[in-house]
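J.: Below is structure_30.pdb; it holds PDB, C-alpha atoms.
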```pdb
ATOM      1  CA  MET A 181      -7.586   7.514  -7.024
ATOM      2  CA  PHE A 182      -4.942   8.158  -9.689
ATOM      3  CA  ASP A 183      -4.800   9.199 -13.329
ATOM      4  CA  ILE A 184      -2.016   7.432 -15.193
ATOM      5  CA  ASP A 185      -1.092   8.757 -18.651
ATOM      6  CA  LEU A 186       1.288   6.481 -20.543
ATOM      7  CA  THR A 187       1.458   8.608 -23.698
ATOM      8  CA  SER A 188       4.796  10.275 -22.937
ATOM      9  CA  ALA A 189       6.299   6.976 -21.797
ATOM     10  CA  ALA A 190       5.196   5.291 -25.019
ATOM     11  CA  MET A 191       6.762   8.091 -27.069
ATOM     12  CA  GLU A 192      10.041   7.672 -25.167
ATOM     13  CA  VAL A 193       9.989   3.898 -25.732
ATOM     14  CA  LYS A 194       9.569   4.569 -29.461
ATOM     15  CA  ARG A 195      12.378   7.141 -29.451
ATOM     16  CA  LEU A 196      14.687   4.634 -27.793
ATOM     17  CA  LYS A 197      13.619   1.958 -30.296
ATOM     18  CA  ALA A 198      13.165  -0.382 -27.350
ATOM     19  CA  ARG A 199      11.759  -3.765 -28.352
ATOM     20  CA  ILE A 200      11.308  -5.298 -24.897
ATOM     21  CA  VAL A 201      10.227  -3.152 -21.945
ATOM     22  CA  ALA A 202       9.845  -4.027 -18.253
ATOM     23  CA  LEU A 203       6.869  -2.469 -16.462
ATOM     24  CA  GLN A 204       7.127  -1.814 -12.717
ATOM     25  CA  VAL A 205       3.886  -0.969 -10.919
ATOM     26  CA  PRO A 206       3.594  -0.011  -7.217
ATOM     27  CA  GLU A 207       1.555  -2.262  -4.949
ATOM     28  CA  GLY A 208      -1.455   0.052  -4.771
ATOM     29  CA  LEU A 209      -1.854  -0.046  -8.556
ATOM     30  CA  LYS A 210      -0.950  -3.688  -9.227
ATOM     31  CA  LYS A 211      -4.554  -4.615 -10.124
ATOM     32  CA  ARG A 212      -4.278  -2.346 -13.166
ATOM     33  CA  SER A 213      -1.110  -4.028 -14.461
ATOM     34  CA  TYR A 214      -2.838  -5.674 -17.433
ATOM     35  CA  GLN A 215      -4.440  -2.377 -18.423
ATOM     36  CA  PHE A 216      -1.091  -0.562 -18.261
ATOM     37  CA  ALA A 217       0.786  -3.296 -20.132
ATOM     38  CA  SER A 218      -1.830  -3.508 -22.876
ATOM     39  CA  GLU A 219      -1.923   0.261 -23.350
ATOM     40  CA  LEU A 220       1.858   0.524 -23.448
ATOM     41  CA  GLU A 221       2.176  -2.273 -26.010
ATOM     42  CA  ASN A 222      -0.478  -0.693 -28.238
ATOM     43  CA  LYS A 223       0.981   2.811 -28.047
ATOM     44  CA  ALA A 224       4.689   1.950 -28.136
ATOM     45  CA  GLY A 225       4.736  -1.166 -30.291
ATOM     46  CA  ALA A 226       7.061  -2.914 -27.845
ATOM     47  CA  GLU A 227       6.718  -6.157 -25.934
ATOM     48  CA  VAL A 228       6.010  -5.515 -22.244
ATOM     49  CA  LEU A 229       7.090  -7.689 -19.330
ATOM     50  CA  VAL A 230       5.123  -6.986 -16.135
ATOM     51  CA  VAL A 231       7.404  -7.217 -13.086
ATOM     52  CA  ALA A 232       5.544  -9.064 -10.323
ATOM     53  CA  GLU A 233       8.042  -8.184  -7.586
ATOM     54  CA  PRO A 234       7.097  -5.244  -5.326
ATOM     55  CA  CYS A 235       8.398  -1.840  -6.370
ATOM     56  CA  PHE A 236       8.803   0.738  -3.616
ATOM     57  CA  GLY A 237      10.713   3.443  -5.451
ATOM     58  CA  ALA A 238      13.103   4.477  -8.188
ATOM     59  CA  CYS A 239      15.927   2.591  -6.455
ATOM     60  CA  ASP A 240      13.965  -0.667  -6.405
ATOM     61  CA  VAL A 241      14.978  -2.087  -9.785
ATOM     62  CA  PRO A 242      16.008  -5.771  -9.877
ATOM     63  CA  SER A 243      19.481  -6.068 -11.386
ATOM     64  CA  SER A 244      18.347  -9.085 -13.423
ATOM     65  CA  LEU A 245      16.166  -6.817 -15.586
ATOM     66  CA  PHE A 246      19.119  -5.071 -17.195
ATOM     67  CA  ASP A 247      20.113  -8.211 -19.115
ATOM     68  CA  MET A 248      16.561  -8.890 -20.294
ATOM     69  CA  VAL A 249      15.046  -5.613 -21.504
ATOM     70  CA  ASP A 250      15.892  -2.491 -23.482
ATOM     71  CA  ALA A 251      14.143  -0.071 -21.111
ATOM     72  CA  ILE A 252      12.139   0.016 -17.896
ATOM     73  CA  VAL A 253       8.907   1.925 -17.319
ATOM     74  CA  GLN A 254       8.123   2.669 -13.685
ATOM     75  CA  ILE A 255       4.747   4.021 -12.595
ATOM     76  CA  GLY A 256       4.066   6.203  -9.585
ATOM     77  CA  HIS A 257       7.587   7.226  -8.614
ATOM     78  CA  SER A 258      10.001  10.007  -9.536
ATOM     79  CA  PRO A 259      13.639   9.673 -10.584
ATOM     80  CA  ILE A 260      16.601   9.800  -8.223
ATOM     81  CA  PRO A 261      18.968  12.073 -10.172
ATOM     82  CA  SER A 262      22.164  10.807  -8.568
ATOM     83  CA  LEU A 263      21.552   7.207  -9.664
ATOM     84  CA  LYS A 264      22.793   5.864 -12.977
ATOM     85  CA  PHE A 265      21.343   2.670 -14.413
ATOM     86  CA  PRO A 266      22.642   0.410 -17.225
ATOM     87  CA  LYS A 267      19.342   0.753 -19.117
ATOM     88  CA  PRO A 268      16.969   3.729 -19.518
ATOM     89  CA  LEU A 269      14.334   4.240 -16.825
ATOM     90  CA  ILE A 270      11.130   6.012 -17.847
ATOM     91  CA  PHE A 271       9.012   7.442 -15.027
ATOM     92  CA  VAL A 272       5.246   7.870 -15.260
ATOM     93  CA  PRO A 273       3.685  10.119 -12.593
ATOM     94  CA  ALA A 274       0.485   9.096 -10.820
ATOM     95  CA  ARG A 275      -1.809  12.111 -10.548
ATOM     96  CA  SER A 276      -4.174  11.938  -7.584
ATOM     97  CA  LYS A 277      -7.835  12.678  -8.284
ATOM     98  CA  VAL A 278      -8.778  13.210  -4.633
ATOM     99  CA  PRO A 279      -9.461  16.879  -3.711
ATOM    100  CA  LEU A 280      -7.654  18.102  -0.610
ATOM    101  CA  ALA A 281      -9.319  21.503  -0.151
ATOM    102  CA  ASP A 282     -11.452  20.461   2.836
ATOM    103  CA  GLN A 283      -8.557  18.775   4.644
ATOM    104  CA  LEU A 284      -6.342  21.759   3.948
ATOM    105  CA  LYS A 285      -8.804  24.147   5.616
ATOM    106  CA  LYS A 286      -9.071  21.876   8.649
ATOM    107  CA  SER A 287      -5.281  21.645   8.952
ATOM    108  CA  VAL A 288      -4.781  25.393   9.404
ATOM    109  CA  GLY A 289      -5.555  25.237  13.126
ATOM    110  CA  MET A 290      -3.061  22.384  13.571
ATOM    111  CA  ILE A 291       0.027  23.932  11.968
ATOM    112  CA  GLN A 292       2.323  26.760  13.004
ATOM    113  CA  GLU A 293       3.717  29.126  10.416
ATOM    114  CA  PRO A 294       6.042  29.476   8.708
ATOM    115  CA  VAL A 295       5.095  26.007   7.492
ATOM    116  CA  GLY A 296       7.232  23.729   5.345
ATOM    117  CA  VAL A 297       5.207  21.985   2.645
ATOM    118  CA  LEU A 298       6.254  18.488   1.568
ATOM    119  CA  ALA A 299       4.907  15.635  -0.539
ATOM    120  CA  THR A 300       5.729  12.019  -1.231
ATOM    121  CA  SER A 301       6.524  11.109  -4.847
ATOM    122  CA  GLN A 302       2.961   9.976  -5.591
ATOM    123  CA  HIS A 303       1.517  13.322  -4.508
ATOM    124  CA  LEU A 304       3.944  15.846  -5.949
ATOM    125  CA  THR A 305       1.290  16.933  -8.461
ATOM    126  CA  GLU A 306      -0.768  18.309  -5.545
ATOM    127  CA  LEU A 307       2.081  20.330  -4.045
ATOM    128  CA  ASP A 308       1.459  23.590  -5.938
ATOM    129  CA  GLU A 309      -2.267  23.516  -5.174
ATOM    130  CA  VAL A 310      -1.639  23.130  -1.438
ATOM    131  CA  ILE A 311       0.985  25.895  -1.431
ATOM    132  CA  GLU A 312      -1.387  28.256  -3.233
ATOM    133  CA  GLY A 313      -4.176  27.358  -0.812
ATOM    134  CA  LEU A 314      -2.033  28.130   2.236
ATOM    135  CA  GLU A 315      -0.760  31.390   0.789
ATOM    136  CA  SER A 316      -4.301  32.478  -0.133
ATOM    137  CA  MET A 317      -5.155  32.123   3.568
ATOM    138  CA  GLY A 318      -2.238  34.387   4.466
ATOM    139  CA  LEU A 319       0.144  31.724   5.782
ATOM    140  CA  LYS A 320       3.895  31.890   5.267
ATOM    141  CA  VAL A 321       5.165  28.868   3.345
ATOM    142  CA  ARG A 322       8.628  27.380   2.750
ATOM    143  CA  VAL A 323       9.536  24.650   0.265
ATOM    144  CA  GLY A 324      12.963  23.097   0.667
ATOM    145  CA  GLU A 325      15.401  21.744  -1.896
ATOM    146  CA  GLY A 326      16.781  18.274  -1.253
ATOM    147  CA  ASP A 327      20.156  16.780  -2.175
ATOM    148  CA  SER A 328      20.953  15.047  -5.478
ATOM    149  CA  ARG A 329      18.761  12.036  -4.634
ATOM    150  CA  ILE A 330      15.713  14.332  -4.750
ATOM    151  CA  SER A 331      14.269  15.379  -8.113
ATOM    152  CA  HIS A 332      11.639  17.912  -6.960
ATOM    153  CA  ALA A 333      11.558  20.682  -4.377
ATOM    154  CA  GLY A 334       9.534  19.598  -1.360
ATOM    155  CA  GLU A 335       9.799  15.876  -2.156
ATOM    156  CA  VAL A 336      10.470  13.360   0.601
ATOM    157  CA  LEU A 337      11.421   9.740   0.115
ATOM    158  CA  GLY A 338      11.234   6.996   2.711
ATOM    159  CA  CYS A 339      15.040   7.120   2.737
ATOM    160  CA  ASN A 340      15.705  10.835   2.338
ATOM    161  CA  TYR A 341      14.369  13.871   4.221
ATOM    162  CA  THR A 342      16.869  16.480   3.035
ATOM    163  CA  ALA A 343      14.136  18.669   1.479
ATOM    164  CA  ALA A 344      12.597  19.007   4.939
ATOM    165  CA  MET A 345      15.919  19.414   6.709
ATOM    166  CA  SER A 346      17.039  22.199   4.361
ATOM    167  CA  VAL A 347      14.344  24.547   5.759
ATOM    168  CA  SER A 348      14.091  23.196   9.300
ATOM    169  CA  LYS A 349      15.547  26.390  10.803
ATOM    170  CA  GLU A 350      13.025  28.519   8.874
ATOM    171  CA  VAL A 351       9.783  26.729   9.790
ATOM    172  CA  ASN A 352       7.794  25.894  12.911
ATOM    173  CA  SER A 353       5.894  22.938  11.458
ATOM    174  CA  TYR A 354       5.425  20.863   8.306
ATOM    175  CA  LEU A 355       2.436  19.918   6.187
ATOM    176  CA  LEU A 356       3.021  16.641   4.341
ATOM    177  CA  ILE A 357       0.865  15.342   1.480
ATOM    178  CA  GLY A 358       1.009  11.558   1.408
ATOM    179  CA  SER A 359      -0.544   8.324   2.572
ATOM    180  CA  GLY A 360       0.464   6.441   5.690
ATOM    181  CA  THR A 361       2.659   7.738   8.492
ATOM    182  CA  PHE A 362       6.189   6.510   7.729
ATOM    183  CA  HIS A 363       7.341   9.600   5.824
ATOM    184  CA  ALA A 364       5.770  11.967   8.339
ATOM    185  CA  LEU A 365       7.467  10.236  11.253
ATOM    186  CA  GLY A 366      10.772  10.308   9.373
ATOM    187  CA  VAL A 367      10.447  14.062   8.865
ATOM    188  CA  HIS A 368       9.603  14.583  12.541
ATOM    189  CA  LEU A 369      12.570  12.527  13.743
ATOM    190  CA  ALA A 370      14.930  14.270  11.305
ATOM    191  CA  THR A 371      13.853  17.812  12.201
ATOM    192  CA  GLY A 372      12.193  17.666  15.624
ATOM    193  CA  LYS A 373       9.275  19.694  14.253
ATOM    194  CA  LYS A 374       5.524  19.034  14.273
ATOM    195  CA  VAL A 375       4.208  17.275  11.150
ATOM    196  CA  VAL A 376       0.589  17.290   9.981
ATOM    197  CA  VAL A 377      -0.441  14.853   7.239
ATOM    198  CA  LEU A 378      -2.919  15.436   4.435
ATOM    199  CA  ASP A 379      -3.760  11.853   3.458
ATOM    200  CA  PRO A 380      -5.987  11.469   0.346
ATOM    201  CA  ASN A 381      -7.214   8.159   1.790
ATOM    202  CA  LEU A 382      -8.700   9.926   4.817
ATOM    203  CA  GLU A 383     -11.166  12.727   5.431
ATOM    204  CA  GLU A 384      -9.337  14.478   8.261
ATOM    205  CA  PRO A 385      -5.767  15.810   8.567
ATOM    206  CA  ARG A 386      -3.815  14.133  11.337
ATOM    207  CA  GLU A 387      -0.726  14.280  13.480
ATOM    208  CA  ILE A 388       1.535  11.321  14.102
ATOM    209  CA  ASP A 389       1.854  11.209  17.890
ATOM    210  CA  GLN A 390       0.081   7.898  18.498
ATOM    211  CA  ILE A 391       1.827   5.969  15.727
ATOM    212  CA  LYS A 392       5.137   7.575  16.726
ATOM    213  CA  ASP A 393       4.954   6.145  20.246
ATOM    214  CA  LYS A 394       3.993   2.697  18.943
ATOM    215  CA  ILE A 395       6.826   2.492  16.412
ATOM    216  CA  LEU A 396       9.466   3.808  18.797
ATOM    217  CA  ARG A 397       8.422   1.226  21.401
ATOM    218  CA  GLN A 398       8.809  -1.487  18.755
ATOM    219  CA  ARG A 399      12.252  -0.251  17.783
ATOM    220  CA  HIS A 400      13.398  -0.012  21.412
ATOM    221  CA  ALA A 401      12.282  -3.621  21.898
ATOM    222  CA  VAL A 402      14.299  -4.751  18.861
ATOM    223  CA  ILE A 403      17.428  -3.047  20.196
ATOM    224  CA  GLU A 404      16.931  -4.727  23.576
ATOM    225  CA  ARG A 405      16.577  -8.141  21.889
ATOM    226  CA  ALA A 406      19.905  -7.564  20.125
ATOM    227  CA  GLU A 407      21.853  -6.560  23.238
ATOM    228  CA  LYS A 408      23.258 -10.054  23.802
ATOM    229  CA  ALA A 409      24.277 -10.522  20.163
ATOM    230  CA  ARG A 410      27.954 -11.270  19.606
ATOM    231  CA  VAL A 411      27.976 -11.756  15.827
ATOM    232  CA  PHE A 412      26.165  -9.399  13.452
ATOM    233  CA  GLY A 413      25.267  -9.902   9.815
ATOM    234  CA  ILE A 414      25.436  -6.561   8.017
ATOM    235  CA  VAL A 415      23.280  -6.700   4.913
ATOM    236  CA  VAL A 416      24.248  -4.867   1.721
ATOM    237  CA  GLY A 417      21.555  -4.460  -0.920
ATOM    238  CA  GLU A 418      22.371  -5.555  -4.470
ATOM    239  CA  LYS A 419      19.988  -3.039  -6.087
ATOM    240  CA  VAL A 420      21.843  -0.097  -7.635
ATOM    241  CA  GLY A 421      20.029   2.497  -5.555
ATOM    242  CA  GLN A 422      20.545   0.678  -2.249
ATOM    243  CA  ARG A 423      24.140  -0.537  -2.535
ATOM    244  CA  ARG A 424      25.805   1.088   0.493
ATOM    245  CA  LEU A 425      28.980  -0.978   0.750
ATOM    246  CA  ARG A 426      31.002   1.834   2.294
ATOM    247  CA  ARG A 427      28.414   2.328   5.043
ATOM    248  CA  ALA A 428      28.335  -1.420   5.710
ATOM    249  CA  ARG A 429      32.112  -1.542   6.072
ATOM    250  CA  GLU A 430      32.033   1.380   8.511
ATOM    251  CA  LEU A 431      29.491  -0.486  10.636
ATOM    252  CA  ARG A 432      31.574  -3.662  10.613
ATOM    253  CA  ARG A 433      34.612  -1.721  11.843
ATOM    254  CA  LEU A 434      32.460  -0.192  14.583
ATOM    255  CA  VAL A 435      31.225  -3.628  15.694
ATOM    256  CA  ARG A 436      34.760  -5.007  15.840
ATOM    257  CA  TRP A 437      35.990  -1.930  17.716
ATOM    258  CA  LYS A 438      33.376  -2.793  20.340
ATOM    259  CA  LYS A 439      34.873  -6.301  20.686
ATOM    260  CA  LYS A 440      32.101  -8.072  18.792
ATOM    261  CA  ASP A 441      32.239  -9.534  15.286
ATOM    262  CA  ALA A 442      30.424  -8.985  12.011
ATOM    263  CA  ALA A 443      30.333 -10.174   8.418
ATOM    264  CA  LEU A 444      28.853  -8.600   5.302
ATOM    265  CA  ILE A 445      25.897 -10.246   3.558
ATOM    266  CA  LEU A 446      24.818  -9.485  -0.016
ATOM    267  CA  MET A 447      21.079  -9.622  -0.796
ATOM    268  CA  ASP A 448      18.892  -8.521  -3.694
ATOM    269  CA  LYS A 449      15.401  -9.125  -2.316
ATOM    270  CA  PHE A 450      14.908  -9.136   1.441
ATOM    271  CA  GLU A 451      13.235 -12.356   2.558
ATOM    272  CA  PRO A 452      13.247 -13.497   6.207
ATOM    273  CA  GLU A 453      13.864 -17.116   5.182
ATOM    274  CA  LYS A 454      17.189 -16.156   3.615
ATOM    275  CA  LEU A 455      18.490 -14.860   6.938
ATOM    276  CA  LYS A 456      16.955 -17.506   9.142
ATOM    277  CA  TYR A 457      19.684 -20.139   8.822
ATOM    278  CA  LEU A 458      22.836 -18.066   8.330
ATOM    279  CA  GLY A 459      23.852 -18.378  11.990
ATOM    280  CA  PHE A 460      24.124 -14.712  13.014
ATOM    281  CA  ASP A 461      22.777 -13.419  16.324
ATOM    282  CA  ALA A 462      21.342 -10.235  14.804
ATOM    283  CA  TYR A 463      21.283  -8.360  11.515
ATOM    284  CA  VAL A 464      21.742  -4.778  10.351
ATOM    285  CA  SER A 465      20.165  -3.559   7.119
ATOM    286  CA  THR A 466      21.953  -0.935   5.033
ATOM    287  CA  ALA A 467      19.436  -1.390   2.197
ATOM    288  CA  CYS A 468      16.008   0.282   2.073
ATOM    289  CA  PRO A 469      15.446   1.879   5.519
ATOM    290  CA  ARG A 470      11.797   0.803   5.564
ATOM    291  CA  ILE A 471      12.555  -2.921   5.663
ATOM    292  CA  ALA A 472      13.524  -3.076   9.332
ATOM    293  CA  ILE A 473      10.619  -0.824  10.348
ATOM    294  CA  ASP A 474       7.722  -2.087   8.227
ATOM    295  CA  ASP A 475       8.574  -5.805   8.330
ATOM    296  CA  VAL A 476       9.699  -6.044  11.940
ATOM    297  CA  ALA A 477       7.328  -8.928  12.773
ATOM    298  CA  LEU A 478       8.612 -11.117   9.911
ATOM    299  CA  PHE A 479      12.189 -11.556  11.125
ATOM    300  CA  GLU A 480      13.054 -14.210  13.692
ATOM    301  CA  LYS A 481      16.326 -12.512  14.670
ATOM    302  CA  PRO A 482      16.567  -8.792  15.462
ATOM    303  CA  LEU A 483      16.960  -6.642  12.358
ATOM    304  CA  LEU A 484      18.458  -3.228  13.155
ATOM    305  CA  THR A 485      18.979  -0.026  11.222
ATOM    306  CA  PRO A 486      22.501   1.497  11.240
ATOM    307  CA  GLN A 487      21.407   4.124  13.786
ATOM    308  CA  GLU A 488      19.976   1.436  16.054
ATOM    309  CA  LEU A 489      23.262  -0.462  15.919
ATOM    310  CA  GLU A 490      25.016   2.747  16.983
ATOM    311  CA  ILE A 491      22.613   3.030  19.940
ATOM    312  CA  LEU A 492      23.212  -0.600  20.866
ATOM    313  CA  LEU A 493      26.992  -0.107  20.777
ATOM    314  CA  GLY A 494      26.819   3.078  22.841
ATOM    315  CA  VAL A 495      28.000   5.595  20.231
ATOM    316  CA  ARG A 496      24.570   7.220  19.815
ATOM    317  CA  LYS A 497      22.018   8.123  22.488
ATOM    318  CA  TRP A 498      18.417   6.946  22.287
ATOM    319  CA  GLU A 499      17.366  10.596  22.532
ATOM    320  CA  ASN A 500      19.051  11.122  19.130
ATOM    321  CA  TYR A 501      17.093   8.326  17.451
ATOM    322  CA  THR A 502      16.345   8.953  13.769
ATOM    323  CA  PHE A 503      15.254   6.844  10.836
ATOM    324  CA  ASP A 504      18.008   5.719   8.508
ATOM    325  CA  GLN A 505      18.607   7.912   5.444
ATOM    326  CA  MET A 506      20.399   7.441   2.135
ATOM    327  CA  THR A 507      22.125  10.652   1.087
ATOM    328  CA  GLU A 508      23.936  11.758  -2.036
ATOM    329  CA  ASP A 509      27.419  10.961  -0.718
ATOM    330  CA  GLU A 510      26.698   7.333   0.185
ATOM    331  CA  LEU A 511      26.093   5.739  -3.218
TER     332      LEU A 511
END
```
Let's see the structure in the file written out as structure tokens.
T.:
Amino acid sequence: MFDIDLTSAAMEVKRLKARIVALQVPEGLKKRSYQFASELENKAGAEVLVVAEPCFGACDVPSSLFDMVDAIVQIGHSPIPSLKFPKPLIFVPARSKVPLADQLKKSVGMIQEPVGVLATSQHLTELDEVIEGLESMGLKVRVGEGDSRISHAGEVLGCNYTAAMSVSKEVNSYLLIGSGTFHALGVHLATGKKVVVLDPNLEEPREIDQIKDKILRQRHAVIERAEKARVFGIVVGEKVGQRRLRRARELRRLVRWKKKDAALILMDKFEPEKLKYLGFDAYVSTACPRIAIDDVALFEKPLLTPQELEILLGVRKWENYTFDQMTEDEL
């Protein structure tokens, strides 16, 4: 589905005179890891270490790598401008080869103009084509600028919807290019507007109503399970792009103000087994917002997002439920 060109990355590795390079590949492209590593070694003349751990974005860089390599090449994601790393990060875009023209035509009857056009990092290369297609059909289009965690206009991350929010008062609906439903649901919850998805893995555009109801029921159930909790473990991520210590401290003060108790927990990689025997009644993740949502079935104890903790403690209403976001002023 994707064209991956490592030429520019290899040139940058040479320019940096990097001898050892880490290669991070997203899950959907992991089977091509050998191909990528071999090509990079041949073109750059550097030794490549393939990182087996999952990589879900530019923030997902294991801190242990910085002591081992001279540079890191990451495929399929875009940079987060506000983040600074100890070693150079080189980003290689994944260019989708799946045409979206047919889906785009079918989506016209589902959206309301003006329409905000968005894309996940893997599909930013298709953004201009979709905008041109909509405008050629006479539709009014808006593309929003995000905060300093966003590198491209119209880009949404699983932890940041500011590009959508910046034009929410100017649009009546959104068209999102990306796979899955997480980003689309995040945009809907952040803006309250209709979201239609153009998914290259599918043949038809779709709305998110059914998956929205399912996920919100799951999250309501998790909050209910945590209602009797007296002691909360508030997890701080060790990764540079997920280290929200200030937010974690704010949540601990909130818990104690509500006559419960909490302690901070430091974790690099989220694994249910690590939390299983720590003795807390429930946990709150301030790291990647997708962990609590996507991996809900893996955790024995309730794992909440910061917003869900606020609902549980009565300082936020369920009607104001949103996905957790990481913004420029938090890291």
J.: Which residues would end up in the selection if the PyMOL selection byres ((chain A and resi 486-488) around 10) were applied here, given that I need the answer as a PyMOL selection string?
T.: chain A and resi 399-400+402-403+406+414+427-428+430-431+463-467+469+483-485+489-498+500-505
J.: Let me see the file: selected residues, C-alpha atoms, as a compact mmCIF listing (two decimals), keeping the file's coordinate frame.
T.:
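What follows is the written file result-v8.txt:
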```
# COMPACT_ATOMS: atom_id res chain seq x y z
CA ARG A 399 12.25 -0.25 17.78
CA HIS A 400 13.40 -0.01 21.41
CA VAL A 402 14.30 -4.75 18.86
CA ILE A 403 17.43 -3.05 20.20
CA ALA A 406 19.90 -7.56 20.12
CA ILE A 414 25.44 -6.56 8.02
CA ARG A 427 28.41 2.33 5.04
CA ALA A 428 28.34 -1.42 5.71
CA GLU A 430 32.03 1.38 8.51
CA LEU A 431 29.49 -0.49 10.64
CA TYR A 463 21.28 -8.36 11.52
CA VAL A 464 21.74 -4.78 10.35
CA SER A 465 20.16 -3.56 7.12
CA THR A 466 21.95 -0.94 5.03
CA ALA A 467 19.44 -1.39 2.20
CA PRO A 469 15.45 1.88 5.52
CA LEU A 483 16.96 -6.64 12.36
CA LEU A 484 18.46 -3.23 13.16
CA THR A 485 18.98 -0.03 11.22
CA LEU A 489 23.26 -0.46 15.92
CA GLU A 490 25.02 2.75 16.98
CA ILE A 491 22.61 3.03 19.94
CA LEU A 492 23.21 -0.60 20.87
CA LEU A 493 26.99 -0.11 20.78
CA GLY A 494 26.82 3.08 22.84
CA VAL A 495 28.00 5.60 20.23
CA ARG A 496 24.57 7.22 19.82
CA LYS A 497 22.02 8.12 22.49
CA TRP A 498 18.42 6.95 22.29
CA ASN A 500 19.05 11.12 19.13
CA TYR A 501 17.09 8.33 17.45
CA THR A 502 16.34 8.95 13.77
CA PHE A 503 15.25 6.84 10.84
CA ASP A 504 18.01 5.72 8.51
CA GLN A 505 18.61 7.91 5.44
```
J.: Give the answer as one residue: which of A:Val230, A:Pro266, A:Cys239, A:Asp379 has the shortest atom-to-atom distance to Ala299 of chain A, using all atoms listed in the file?
T.: A:Asp379
J.: Name the residues captured by the PyMOL selection byres ((chain A and resi 332) around 9) when it is applied to the shown file; answer as JSON, numbers by chain.
T.: {"A": [258, 301, 304, 325, 326, 330, 331, 333, 334, 335, 336, 343]}
J.: Atom CA of Phe479 of chain A and atom CA of Lys449 of chain A are how many Å apart?
T.: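 Result for atom CA of Phe479 of chain A versus atom CA of Lys449 of chain A: 14.0 Å, one decimal.
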J.: Just so the selection is clear, what residues does the PyMOL selection byres ((chain A and resi 191) around 12) cover here, as a ChimeraX atom specification?
T.: /A:185-190,192-198,220-226,253,270,272
J.: Can you tell me, as number ranges by chain, what residues are no more than 10 Å from Thr305 of chain A when counting only C-alpha atoms, ignoring any on the same chain fewer than 4 positions away?
T.: A: 273-276, 299-301, 309-310
J.: Could you jot down the atom CA of Lys210 of chain A to atom CA of Leu455 of chain A separation for me, Å, one decimal place?
T.: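 Answer for the atom CA of Lys210 of chain A to atom CA of Leu455 of chain A separation: 27.6 Å.
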J.: From the list A:Tyr214, A:Phe412, A:Phe182, A:Phe460, which residue is nearest Arg433 of chain A when using all atoms listed in the file?
T.: A:Phe412
J.: Grab the atom CA of Val323 of chain A to atom CA of Leu396 of chain A distance for me, in Å with one decimal place.
T.: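 It comes out at 27.9 Å.
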J.: Would you kindly return, as a VMD selection string, each protein, DNA or RNA residue with an atom no farther than 7 Å from any atom of Glu387 of chain A, considering only C-alpha atoms and excluding same-chain residues fewer than 5 positions away?
T.: chain A and resid 375 to 377
J.: I need the residue nearest Gly313 of chain A from this list: A:Ala443, A:Ile291, A:Asp327, A:Leu280. Use all atoms listed in the file for the distance.
T.: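 That would be A:Leu280, the residue with the smallest distance to Gly313 of chain A.
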J.: Please identify all polymer residues within 9 Å of Pro242 of chain A, counting all atoms listed in the file, omitting same-chain residues fewer than 4 positions from it, and present them as a list in words.
T.: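 The neighbour list is Glu233, Phe246, Glu418, Lys419, Val420, Asp448 and Lys449 of chain A.
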J.: I need the chosen residues saved as a PDB file, keeping the file's coordinate frame, with C-alpha atoms.
T.:
```pdb
ATOM      1  CA  GLU A 233       8.042  -8.184  -7.586  1.00  0.00           C
ATOM      2  CA  PHE A 246      19.119  -5.071 -17.195  1.00  0.00           C
ATOM      3  CA  GLU A 418      22.371  -5.555  -4.470  1.00  0.00           C
ATOM      4  CA  LYS A 419      19.988  -3.039  -6.087  1.00  0.00           C
ATOM      5  CA  VAL A 420      21.843  -0.097  -7.635  1.00  0.00           C
ATOM      6  CA  ASP A 448      18.892  -8.521  -3.694  1.00  0.00           C
ATOM      7  CA  LYS A 449      15.401  -9.125  -2.316  1.00  0.00           C
TER       8      LYS A 449
END
```
J.: Using the file's own x, y and z axes, what box holds all listed atoms of segment 243-262 of chain A with 8 Å on each side, keeping edges along x, y and z, and what are its centre and edge lengths in Å to one decimal, as lines of an AutoDock Vina configuration file?
T.:
```
center_x = 13.1
center_y = 1.5
center_z = -15.9
size_x = 34.1
size_y = 37.2
size_z = 31.3
```
J.: Mind checking which residues fall within 6 Å of Pro206 of chain A, counting only C-alpha atoms, ignoring those fewer than 2 positions away in the same chain, and posting them as a ChimeraX atom specification?
T.: /A:208-209,235
J.: At a cut-off of 12 Å, using only C-alpha atoms, what residues contact segment 284-288 of chain A? Leave out same-chain residues fewer than 4 positions from it and give the result as a PyMOL selection string.
T.: chain A and resi 279-280+292-295+297+306-307+309-320+353-357+375-380+383-387
J.: Find, counting only C-alpha atoms, the residue in A:Lys392, A:Arg329, A:Lys481, A:Arg397 that gets nearest to Pro452 of chain A.
T.: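 Once distances to Pro452 of chain A are computed over only C-alpha atoms, the minimum belongs to A:Lys481.
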J.: Tell me which of A:Asp461, A:Lys374, A:Arg423, A:His363 sits closest to Ala409 of chain A, counting all atoms listed in the file.
T.: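 The answer is A:Asp461, which sits nearest to Ala409 of chain A.
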J.: May I ask which of the residues A:Leu382, A:Ile200, A:Leu298, A:Met345 is the closest one to Leu369 of chain A, counting all atoms listed in the file?
T.: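 Distance minimum relative to Leu369 of chain A lands on A:Met345.
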